[in-house]
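The next block holds one structure in the form of structure tokens; read it before the comments.
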Amino acid sequence: MIALVADVLARVWPFFLLVGAGLALSRLRLLDAHQARGLSAYVYWIGFPALLIHSLSRLGRPGPDLAAGLAAYAVVGLVVMATVVILGRALGWTKAELAGAGIASGVGNSAFLTLPITAAVLGAETARLAAGVIAVDFVILSAAGVGLLGWAAGRSVWRSILQAFRNPVVAAAVAGVTLALLDLRPPEALDRALGLAAASGSPVGLVALGAALGLREAEGEATPHNGPVVTAAVAKLALFPVLAWLAIGLTPAPPAFRAGATLLAAAPTAVSVFIQTRAYDVFARGAARTVALTTAAAMVTLALAFLLLAPNRL
């Protein structure tokens with residue numbers, strides 16, 4: 001257990017260093033609100049789309065058993081998001097809180113954080129089998145979340161869902177998955193450019209996240225209520241992985257995929273969720289808090305999940 005916690009800490013700590021860098025820059029007035037939005041815009045339009053195309057295009061086609069497991073994961077993610085929204089409506093949350101908590105409860109930091117840890121602890125083969133979860137996170141769950149954000153921003157529900165696929169992050173994920181299914185790669189020069197941009201997506205996004213946390217007073221945003229933030233965090237770190245484990249167990253997916261997908265379901269909220277909420281001006285500060293809270297809590301929850309799902313316990 002101590003070794004697992006140490007490994008998770010070693011991998012999560014750099015995330016906090018980058019968030020802290022953005023926070024420090026904003027507090028020292030070296031990064032103002034306009035510049036922070038510029039960083040977010042770069043991640044939204046270039047950095048994160050490049051990363052998704054570059055990584056998802058290498059996944060390959062899933063077999064029937066693996067596809068069934070991925071479908072179960074997608075259904076669980078949508079159920080978790082819907083549960084948070086329904087609960088929020090019963091509690092009288094605003095539209096922004098419903099949408100922000102909804103997307104934060106579903107889209108996890110599977111690509112940057114949890115998949116590398118899965119490979120290190122459960123093995124490269126488990127990580128390879130579970131890598132398709134990233135596609136589900138950033139095509140299906142992100143599209144649903146972006147639809148919620150569009151609805152909260154004043155659009156109709158159906159129009160928001162349809163237009164979600166024009167969102168650069170969702171569109172890039174679709175493009176990456178399409179290339180994988182067709183067994184194609186971008187031209188070499190373009191692929192290199194995508195790789196360079198991809199390497200910058202997560203670091204710049206984390207700095208922008210830290211800046212948002214530090215600039216909140218200057219931007220005049222209302223303080224988010226704790227209810228939506230805590231509810232989204234609990235749903236993401238606890239409800240999602242438990243339901244994923246149960247649902248995938250009902251499919252013919254390999255046991256290694258079940259373990260890996262459950263760990264990816266337990267990933268903290270992705271920094272891209274903050275970038276999306278900032279782009280839509282919906283629950284941005286609440287999303288920033290949710291990302292920070294779930295990432296901090298994941299140092300313990302991921303270690304516990306790894307302990308329960310270690311190969312000798314399956």
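Order determines the names: the first chain of the structure tokens is A, the second B, and so forth; residues in each chain are numbered 1 upward, and ligands are numbered 1 upward as they are shown.
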Quiz prompt | Within 10 Å of Leu56 in chain A using only C-alpha atoms, minus same-chain residues under 4 positions, as a VMD selection string | solution = chain A and resid 51 to 52 60 111 131 to 132 134 to 135 138 172 to 181
Exercise. Determine the nearest neighbour of Leu98 in chain A from the options A:Pro49, A:Pro255, A:Pro224, A:Pro168, counting only C-alpha atoms.
Key: A:Pro224
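Between Val300 in chain A and the residues A:Ala212, A:Trp151, A:Ala6, A:Tyr42, the shortest atom-to-atom distance, using only C-alpha atoms, involves A:Ala6.
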Can you list, as an mmCIF file with N, CA, C and O atoms, in the first residue's frame, every protein, DNA or RNA residue that comes within 6 Å of Ala232 in chain A when you count only C-alpha atoms, leaving out same-chain residues fewer than 4 positions away?
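Final file, result_2.cif:
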```cif
data_model
loop_
_atom_site.group_PDB
_atom_site.id
_atom_site.type_symbol
_atom_site.label_atom_id
_atom_site.label_comp_id
_atom_site.auth_asym_id
_atom_site.auth_seq_id
_atom_site.Cartn_x
_atom_site.Cartn_y
_atom_site.Cartn_z
ATOM 1 N N ALA A 101 -21.281 20.448 -13.051
ATOM 2 C CA ALA A 101 -21.125 19.240 -12.238
ATOM 3 C C ALA A 101 -21.330 17.988 -13.086
ATOM 4 O O ALA A 101 -20.664 16.964 -12.866
ATOM 5 N N ALA A 104 -18.149 17.396 -15.155
ATOM 6 C CA ALA A 104 -17.039 17.100 -14.240
ATOM 7 C C ALA A 104 -17.137 15.710 -13.640
ATOM 8 O O ALA A 104 -16.125 15.116 -13.259
ATOM 9 N N SER A 105 -18.337 15.167 -13.558
ATOM 10 C CA SER A 105 -18.519 13.827 -12.979
ATOM 11 C C SER A 105 -18.242 12.720 -13.977
ATOM 12 O O SER A 105 -18.112 11.552 -13.592
ATOM 13 N N PRO A 228 -22.386 21.323 -5.656
ATOM 14 C CA PRO A 228 -22.081 20.763 -6.981
ATOM 15 C C PRO A 228 -20.654 20.258 -7.095
ATOM 16 O O PRO A 228 -20.398 19.226 -7.731
#
```
Quiz item: Separation of CA of Ser160 in chain A and CA of Gly147 in chain A, in Å?
Solution: 4.5 Å
Practice problem: Please measure the separation of CA of Leu206 in chain A and CA of Val107 in chain A, giving the value in Å to one decimal. | Solution: 15.8 Å
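Nearest residue to Ala303 in chain A, choosing from A:Trp45, A:Pro187, A:Gly195, A:Ala10 and counting only C-alpha atoms: A:Ala10.
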Quiz item: In Å to one decimal, how far is CA of Ala292 in chain A from CA of Leu23 in chain A?
Solution: 12.0 Å
Self-check item: helix (DSSP H, G or I) residues, from DSSP on the backbone, in range 60-190 of chain A, as a ChimeraX atom specification
Solution: /A:64-91,95-106,110-122,124-130,132-152,157-166,168-181,188-190
Quiz item: Any idea what's packed within 12 Å of Leu28 in chain A, counting only C-alpha atoms, ignoring anything in its chain fewer than 5 positions away? Could you give it as a PyMOL selection string?
Solution: chain A and resi 20-23+211+214-215
Residues just named, written with N, CA, C and O atoms as a PDB file, in the first residue's frame:
```
ATOM      1  N   GLY A  20       0.391  25.121  -9.481  1.00  0.00           N
ATOM      2  CA  GLY A  20       0.990  26.114  -8.586  1.00  0.00           C
ATOM      3  C   GLY A  20       1.726  27.199  -9.333  1.00  0.00           C
ATOM      4  O   GLY A  20       1.730  28.369  -8.923  1.00  0.00           O
ATOM      5  N   ALA A  21       2.358  26.838 -10.469  1.00  0.00           N
ATOM      6  CA  ALA A  21       3.054  27.849 -11.269  1.00  0.00           C
ATOM      7  C   ALA A  21       2.058  28.875 -11.808  1.00  0.00           C
ATOM      8  O   ALA A  21       2.308  30.092 -11.763  1.00  0.00           O
ATOM      9  N   GLY A  22       0.925  28.388 -12.316  1.00  0.00           N
ATOM     10  CA  GLY A  22      -0.091  29.320 -12.813  1.00  0.00           C
ATOM     11  C   GLY A  22      -0.657  30.183 -11.705  1.00  0.00           C
ATOM     12  O   GLY A  22      -0.880  31.387 -11.891  1.00  0.00           O
ATOM     13  N   LEU A  23      -0.894  29.588 -10.538  1.00  0.00           N
ATOM     14  CA  LEU A  23      -1.401  30.334  -9.391  1.00  0.00           C
ATOM     15  C   LEU A  23      -0.412  31.421  -8.976  1.00  0.00           C
ATOM     16  O   LEU A  23      -0.795  32.562  -8.723  1.00  0.00           O
ATOM     17  N   ALA A 211      -3.930  29.608 -12.911  1.00  0.00           N
ATOM     18  CA  ALA A 211      -4.192  31.031 -13.061  1.00  0.00           C
ATOM     19  C   ALA A 211      -5.648  31.358 -12.769  1.00  0.00           C
ATOM     20  O   ALA A 211      -5.960  32.376 -12.128  1.00  0.00           O
ATOM     21  N   GLY A 214      -6.176  31.540  -9.153  1.00  0.00           N
ATOM     22  CA  GLY A 214      -5.569  32.722  -8.552  1.00  0.00           C
ATOM     23  C   GLY A 214      -6.219  34.023  -8.948  1.00  0.00           C
ATOM     24  O   GLY A 214      -6.128  35.011  -8.218  1.00  0.00           O
ATOM     25  N   LEU A 215      -6.896  34.064 -10.103  1.00  0.00           N
ATOM     26  CA  LEU A 215      -7.467  35.309 -10.616  1.00  0.00           C
ATOM     27  C   LEU A 215      -8.951  35.448 -10.345  1.00  0.00           C
ATOM     28  O   LEU A 215      -9.586  36.354 -10.842  1.00  0.00           O
TER      29      LEU A 215
END
```
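Taking only C-alpha atoms into account, Phe274 in chain A lies nearest to A:Ala41 out of the set A:Leu17, A:Ala68, A:Ala41, A:Val133.
Excluding Ala238 in chain A and any residue on its chain fewer than 5 positions from it, the residues at most 9 Å away by only C-alpha atoms are Ala233, Leu243, Ala265, Ala266 and Thr301 of chain A.
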